[in-house]
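Below: the structure, in structure tokens.
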Amino acid sequence: MTSVIQLDNVTKIYRRSHLGRVKESIGVANLSLEIRAGEVFGLLGLNGSGKTTTLKILLGLLHPTQGIAMLFGSVMPEPQVLRKIGYLPDAAYLPKYLTGDEALWYYATLSRIPREKRRAAVDLILDNVGMTAAAHKRIGEYSKGMFQRISMAQALVHNPDLLIMDEPITGLDPLAVREVRQLISWLKAQGRTVFFSSHDISEVEKVCDRIGILANGRLVSVLEQKDWTGQEGKLEAIFTATVKRSEGIGTLKFS
Amino acid sequence: MENFFLLVRDTFKEHVRHRLYLSLFLFCFILLGGGLVASSLAVDERARLMLDFGLSAIEFLGLTTIVFISVNFILTEIENRTIYLVLSRPIPRGQYILGRFAGTILAVTAAMAVMALLHGLLLVPLHSAATVPVYLAAWACSVAKLVVVGSLALALSLFSTSAPTAMTFTLFLWAMGHFSEELRFLGEKSANAFVKLLVWIFYHAAPNFAYFNYRDFLYANHPPTTAWFLFLLCYTVGYAGVCLWISAFLFARKEF
């Protein structure tokens with residue numbers, strides 16, 4: 001199987017300077033990973049473990065300090081490769097001055113969908129996410145659920161081969177969580193590749209083919225589905241044994 | 001190219017649908033109304049005062065708006081993180097900057113055109129039709145100023161990444177730009193090498209607004225030549241071009 005994502009010894013060091021004093025922190029360190037076409041891969045880790053940094057490096061929003069990030073065989077950032085990628089961020093970062101329909105038209109054009117196919121693509125995705133009726137309302141007037149649906153639609157409007165999702169279920173109600181799960185299963189059935197980050201172990205184990213555990217910016221373990229299938233609590237046990245808090249927070253002493 | 005025009009159109013839409021845009025017209029009404037009252041006090045010079053005051057008010061409102069918007073439009077998009085969904089698509093960053101800038105200029109120019117129309121209606125009883133081309137030329141010079149100040153504000157916003165700092169520096173250079181020749185004169189007269197250097201830097205960095213003062217010719221007997229307009233056009237394109245190139249360069253290196 002061809003590799004869709006390839007991270008080769010990627011390190012990201014954040015440098016923040018204040019009054020001439022430079023402070024460095026590690027986003028990810030020596031991260032090497034390969035994700036194959038059609039795979040659903042979950043990146044599991046605590047807050048600050050480097051999940052979002054990894055996704056942003058893949059999207060070209062961050063430049064690695066060291067190493068190479070490749071998508072579909074091209075070193076990122078490569079604008080042409082971005083045509084094949086859908087990105088669903090952790091919250092719906094949408095332009096509130098546009099209507100749902102206008103926003104999707106905007107993203108469809110930016111994704112280079114040919115003009116003659118654009119109207120059909122926007123209408124289809126609006127229908128697929130159940131937002132046809134509210135399509136001409138300004139996004140600023142949408143409820144949280146509607147926001148989420150349009151956010152999902154913008155990631156899929158151009159029919160991407162790879163969907164990258166940053167904590168797609170964080171803060172969602174149970175129904176919306178089920179819908180995201182449904183979306184991932186549908187994408188998998190279509191042969192698309194899904195790469196997402198999360199800290200929800202129970203959800204990740206339901207949908208992933210493989211899971212990578214990130215701790216303090218390092219990929220400490222990559223698990224195959226057979227490592228946790230049919231063994232209740234196994235993944236959680238592996239995860240808690242693998243990761244440690246790094247933010248200077250001590251353990252709870254209520255036990 | 002389609003993406004560029006899309007960015008222009010959506011940026012225009014964004015500004016036009018903003019509350020600030022409507023308040024711009026409110027301020028314009030207040031200023032033009034004030035001008036009408038004030039000009040009625042100047043019996044002999046009423047027509048001239050009304051013309052000058054109106055053009056100055058339109059230019060002032062246009063420039064303050066462009067400084068505020070140009071400094072904020074990228075920074076706000078970074079803060080709201082809406083930029084993630086744009087830059088994760090196949091769009092070169094330079095094109096994004098140019099499209100957003102052009103849309104902003106278009107929105108403020110449209111507002112200035114509406115204000116000029118209102119102003120023009122007030123001028124009808126006071127001026128002859130011969131004033132129209134002169135008025136349009138003066139208005140076009142204000143738009144050229146707008147392009148220069150907007151591009152400067154954008155470059156400074158991407159350099160400093162803090163809206164208040166960028167706004168302060170833009171306003172400072174804007175003010176300096178009105179005293180370019182005085183600044184050069186002071187630099188030449190100074191014996192201190194450091195002061196000379198500092199003045200030289202400011203003289204070249206700040207736009208020279210003396211080149212845009214078409215209104216100086218309004219009541220003079222020698223109208224500006226074609227060469228004057230060509231120079232102004234080249235200066236505007238050159239200055240804005242350099243600022244936009246710097247903006248695109250800084251933006252390409254930016255991380256989100």
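Letters for chains follow the order of the structure tokens (A, B, ...), residue numbers begin at 1 for each chain, and ligand numbers begin at 1 in the order shown.
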Proximity of chain A to chain B: per-residue shortest pair, 6 Å limit, only C-alpha atoms, as CSV:
residue,atom,partner,partner_atom,distance
A:Leu59,CA,B:Ser88,CA,5.7
A:Leu61,CA,B:Phe256,CA,5.3
A:Leu62,CA,B:Glu255,CA,5.0
A:Pro79,CA,B:Pro90,CA,4.2
A:Gln80,CA,B:Pro90,CA,5.5
A:Leu82,CA,B:Pro90,CA,5.1
A:Arg83,CA,B:Pro90,CA,5.7
A:Tyr93,CA,B:Thr82,CA,4.7
A:Leu94,CA,B:Thr82,CA,5.6
A:Leu110,CA,B:Asn3,CA,5.8
A:Ser111,CA,B:Arg89,CA,5.7
Would you export the selected residues with C-alpha atoms as a tab-separated table (two decimals), in the first residue's frame, please?
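For reference, again_8.tsv as written:
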chain	number	residue	atom	x	y	z
A	59	LEU	CA	-0.83	21.12	6.77
A	61	LEU	CA	0.87	25.84	9.03
A	62	LEU	CA	4.03	25.17	11.02
A	79	PRO	CA	0.08	24.00	-2.16
A	80	GLN	CA	-0.84	21.51	-4.89
A	82	LEU	CA	-3.41	20.58	-0.24
A	83	ARG	CA	-6.06	19.99	-2.92
A	93	TYR	CA	-13.35	28.51	12.73
A	94	LEU	CA	-15.71	29.88	10.11
A	110	LEU	CA	-10.13	27.89	-2.82
A	111	SER	CA	-9.89	24.10	-3.13
Need the shell around Gly33 (chain B): protein/DNA/RNA residues with any atom at most 12 Å away, counting only C-alpha atoms. Skip same-chain ones fewer than 3 positions apart. Format as an NGL selection string?
:B and (25-30 or 36-40 or 50 or 53-54 or 57 or 118-119 or 122)
Would you give me, as a list of chain:residue names, the residues in region 39-78 of chain A that DSSP reads as strand (DSSP E or B)?
A:Val40, A:Phe41, A:Gly42, A:Leu43, A:Leu44, A:Gly45, A:Gln66, A:Gly67, A:Ile68, A:Ala69, A:Met70, A:Leu71, A:Ser74, A:Val75
Which value, in Å to one decimal, gives the distance between CA of Ile58 (chain B) and CA of Gly99 (chain B)?
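Separating CA of Ile58 (chain B) from CA of Gly99 (chain B) is a distance of 24.5 Å.
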8 Å contact set for Val147 (chain B), only C-alpha atoms, chain neighbours under 5 positions out, as a PyMOL selection string
chain B and resi 105+236+240
At what distance in Å, to one decimal, does CA of Leu250 (chain B) lie from CA of Ile85 (chain A)?
25.2 Å
So that I can see what lies close to Leu98 (chain B), please list as a list in words the residues with an atom at most 9 Å from it, counting only C-alpha atoms and leaving out residues fewer than 2 positions away in the same chain.
Phe4, Leu7, Val8, Arg93, Gly94, Gln95, Tyr96, Arg100, Phe101, Ala102, Gly103, Leu244 and Ala248 of chain B
So what do you get for CA of Phe185 (chain B) versus CA of Val67 (chain B), distance-wise?
27.8 Å
Close residues, region 1-11 of chain A itself excluded, 10 Å, only C-alpha atoms, min 5 positions apart in chain, as a VMD selection string:
chain A and resid 26 to 39 53 to 54 57 to 58 63 to 75 161 to 162 193 to 195 217 to 218
Would you mind listing what lies within 7 Å of Val204 (chain A) as a list in words, with only C-alpha atoms counted and same-chain residues fewer than 4 positions away left out?
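Once the adjacent positions are removed, what remains is Gly42, Asp200 and Cys208 of chain A.
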Residues near Phe169 (chain B), anyone? I mean within 10 Å using only C-alpha atoms, not counting same-chain ones fewer than 3 positions away, as a PDB file with C-alpha atoms, in the first residue's frame.
ATOM      1  CA  LEU B 152       2.220  50.428   4.862  1.00  0.00           C
ATOM      2  CA  ALA B 153      -0.214  49.504   7.656  1.00  0.00           C
ATOM      3  CA  LEU B 156       3.764  46.967   9.751  1.00  0.00           C
ATOM      4  CA  SER B 157       1.008  44.726  11.124  1.00  0.00           C
ATOM      5  CA  SER B 160       5.040  43.775  14.655  1.00  0.00           C
ATOM      6  CA  ALA B 163      -2.318  45.790  16.327  1.00  0.00           C
ATOM      7  CA  PRO B 164      -1.728  48.785  18.665  1.00  0.00           C
ATOM      8  CA  THR B 165       2.008  48.891  17.816  1.00  0.00           C
ATOM      9  CA  ALA B 166       1.364  48.631  14.082  1.00  0.00           C
ATOM     10  CA  PHE B 172       3.539  58.090  13.067  1.00  0.00           C
ATOM     11  CA  LEU B 173       4.795  57.487   9.506  1.00  0.00           C
ATOM     12  CA  TRP B 174       1.573  58.956   8.139  1.00  0.00           C
ATOM     13  CA  ALA B 175       2.226  62.137  10.141  1.00  0.00           C
TER      14      ALA B 175
END
If you run DSSP on the backbone here, which positions in region 163-228 of chain B get helix (DSSP H, G or I)? Please write them as a PyMOL selection string.
chain B and resi 163-177+180-189+193-205+209-212+214-217+226-228
Export of the given selection (N, CA and C atoms) as a compact mmCIF listing (two decimals), in the first residue's frame:
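Contents of result23.txt, as written:
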# COMPACT_ATOMS: atom_id res chain seq x y z
N ALA B 163 -1.51 44.76 16.99
CA ALA B 163 -2.32 45.79 16.33
C ALA B 163 -2.03 47.21 16.85
N PRO B 164 -1.99 47.41 18.19
CA PRO B 164 -1.73 48.78 18.67
C PRO B 164 -0.37 49.32 18.20
N THR B 165 0.67 48.46 18.24
CA THR B 165 2.01 48.89 17.82
C THR B 165 1.99 49.26 16.33
N ALA B 166 1.40 48.38 15.53
CA ALA B 166 1.36 48.63 14.08
C ALA B 166 0.59 49.91 13.77
N MET B 167 -0.51 50.10 14.49
CA MET B 167 -1.33 51.29 14.26
C MET B 167 -0.55 52.56 14.64
N THR B 168 0.14 52.50 15.77
CA THR B 168 0.92 53.66 16.22
C THR B 168 2.00 53.99 15.20
N PHE B 169 2.72 52.99 14.74
CA PHE B 169 3.81 53.23 13.77
C PHE B 169 3.25 53.77 12.44
N THR B 170 2.11 53.22 12.03
CA THR B 170 1.52 53.70 10.76
C THR B 170 1.13 55.16 10.90
N LEU B 171 0.48 55.48 12.02
CA LEU B 171 0.04 56.87 12.21
C LEU B 171 1.25 57.80 12.32
N PHE B 172 2.30 57.31 12.94
CA PHE B 172 3.54 58.09 13.07
C PHE B 172 4.13 58.37 11.68
N LEU B 173 4.24 57.31 10.86
CA LEU B 173 4.79 57.49 9.51
C LEU B 173 3.86 58.31 8.62
N TRP B 174 2.57 58.16 8.87
CA TRP B 174 1.57 58.96 8.14
C TRP B 174 1.80 60.45 8.43
N ALA B 175 1.97 60.74 9.75
CA ALA B 175 2.23 62.14 10.14
C ALA B 175 3.55 62.62 9.55
N MET B 176 4.58 61.76 9.64
CA MET B 176 5.90 62.11 9.08
C MET B 176 5.80 62.43 7.58
N GLY B 177 4.95 61.65 6.91
CA GLY B 177 4.79 61.79 5.47
C GLY B 177 4.30 63.16 5.04
N SER B 180 7.68 65.56 5.02
CA SER B 180 8.88 64.96 4.42
C SER B 180 9.94 66.00 4.07
N GLU B 181 9.53 67.05 3.40
CA GLU B 181 10.51 68.06 2.96
C GLU B 181 11.13 68.78 4.15
N GLU B 182 10.32 69.07 5.16
CA GLU B 182 10.82 69.72 6.37
C GLU B 182 11.84 68.81 7.06
N LEU B 183 11.51 67.52 7.05
CA LEU B 183 12.37 66.51 7.67
C LEU B 183 13.72 66.47 6.95
N ARG B 184 13.66 66.48 5.63
CA ARG B 184 14.90 66.44 4.83
C ARG B 184 15.74 67.69 5.09
N PHE B 185 15.05 68.82 5.19
CA PHE B 185 15.74 70.09 5.45
C PHE B 185 16.45 70.04 6.82
N LEU B 186 15.73 69.52 7.82
CA LEU B 186 16.31 69.40 9.17
C LEU B 186 17.54 68.49 9.15
N GLY B 187 17.41 67.38 8.44
CA GLY B 187 18.52 66.42 8.33
C GLY B 187 19.74 67.06 7.70
N GLU B 188 19.52 67.84 6.65
CA GLU B 188 20.64 68.50 5.96
C GLU B 188 21.33 69.52 6.85
N LYS B 189 20.54 70.18 7.69
CA LYS B 189 21.09 71.23 8.55
C LYS B 189 21.80 70.67 9.78
N ALA B 193 25.85 63.18 12.91
CA ALA B 193 25.75 62.11 11.89
C ALA B 193 24.60 61.15 12.20
N PHE B 194 24.39 60.89 13.49
CA PHE B 194 23.33 59.96 13.89
C PHE B 194 21.95 60.53 13.54
N VAL B 195 21.79 61.84 13.84
CA VAL B 195 20.51 62.51 13.52
C VAL B 195 20.29 62.49 12.01
N LYS B 196 21.37 62.76 11.29
CA LYS B 196 21.30 62.75 9.81
C LYS B 196 20.79 61.39 9.31
N LEU B 197 21.39 60.33 9.88
CA LEU B 197 21.03 58.97 9.47
C LEU B 197 19.57 58.66 9.80
N LEU B 198 19.18 59.04 11.03
CA LEU B 198 17.82 58.80 11.49
C LEU B 198 16.81 59.52 10.59
N VAL B 199 17.11 60.76 10.29
CA VAL B 199 16.23 61.56 9.44
C VAL B 199 16.18 60.95 8.03
N TRP B 200 17.32 60.50 7.54
CA TRP B 200 17.40 59.88 6.22
C TRP B 200 16.49 58.64 6.16
N ILE B 201 16.56 57.83 7.24
CA ILE B 201 15.74 56.61 7.29
C ILE B 201 14.25 56.98 7.26
N PHE B 202 13.86 57.91 8.12
CA PHE B 202 12.45 58.29 8.18
C PHE B 202 11.99 58.95 6.88
N TYR B 203 12.88 59.74 6.31
CA TYR B 203 12.53 60.44 5.06
C TYR B 203 12.21 59.42 3.95
N HIS B 204 13.00 58.34 3.93
CA HIS B 204 12.78 57.35 2.87
C HIS B 204 11.71 56.32 3.21
N ALA B 205 11.54 56.05 4.51
CA ALA B 205 10.54 55.03 4.90
C ALA B 205 9.13 55.59 4.86
N PHE B 209 3.78 62.56 1.26
CA PHE B 209 2.42 62.95 0.87
C PHE B 209 2.37 64.27 0.10
N ALA B 210 3.51 64.95 0.01
CA ALA B 210 3.55 66.19 -0.78
C ALA B 210 3.21 65.87 -2.24
N TYR B 211 3.56 64.64 -2.67
CA TYR B 211 3.29 64.24 -4.06
C TYR B 211 1.81 64.07 -4.37
N PHE B 212 0.99 63.95 -3.30
CA PHE B 212 -0.43 63.63 -3.50
C PHE B 212 -1.32 64.87 -3.39
N TYR B 214 -3.00 67.26 -4.68
CA TYR B 214 -3.62 67.85 -5.86
C TYR B 214 -4.40 69.10 -5.48
N ARG B 215 -4.92 69.07 -4.25
CA ARG B 215 -5.74 70.20 -3.81
C ARG B 215 -4.96 71.52 -3.78
N ASP B 216 -3.60 71.41 -3.70
CA ASP B 216 -2.77 72.62 -3.74
C ASP B 216 -2.94 73.34 -5.07
N PHE B 217 -3.28 72.57 -6.10
CA PHE B 217 -3.40 73.15 -7.44
C PHE B 217 -4.80 73.71 -7.73
N THR B 226 0.58 66.23 -17.03
CA THR B 226 0.41 64.77 -17.13
C THR B 226 1.58 64.07 -16.43
N ALA B 227 2.75 64.67 -16.55
CA ALA B 227 3.95 64.09 -15.92
C ALA B 227 3.75 64.01 -14.40
N TRP B 228 3.09 65.01 -13.85
CA TRP B 228 2.83 65.03 -12.40
C TRP B 228 1.97 63.83 -12.01
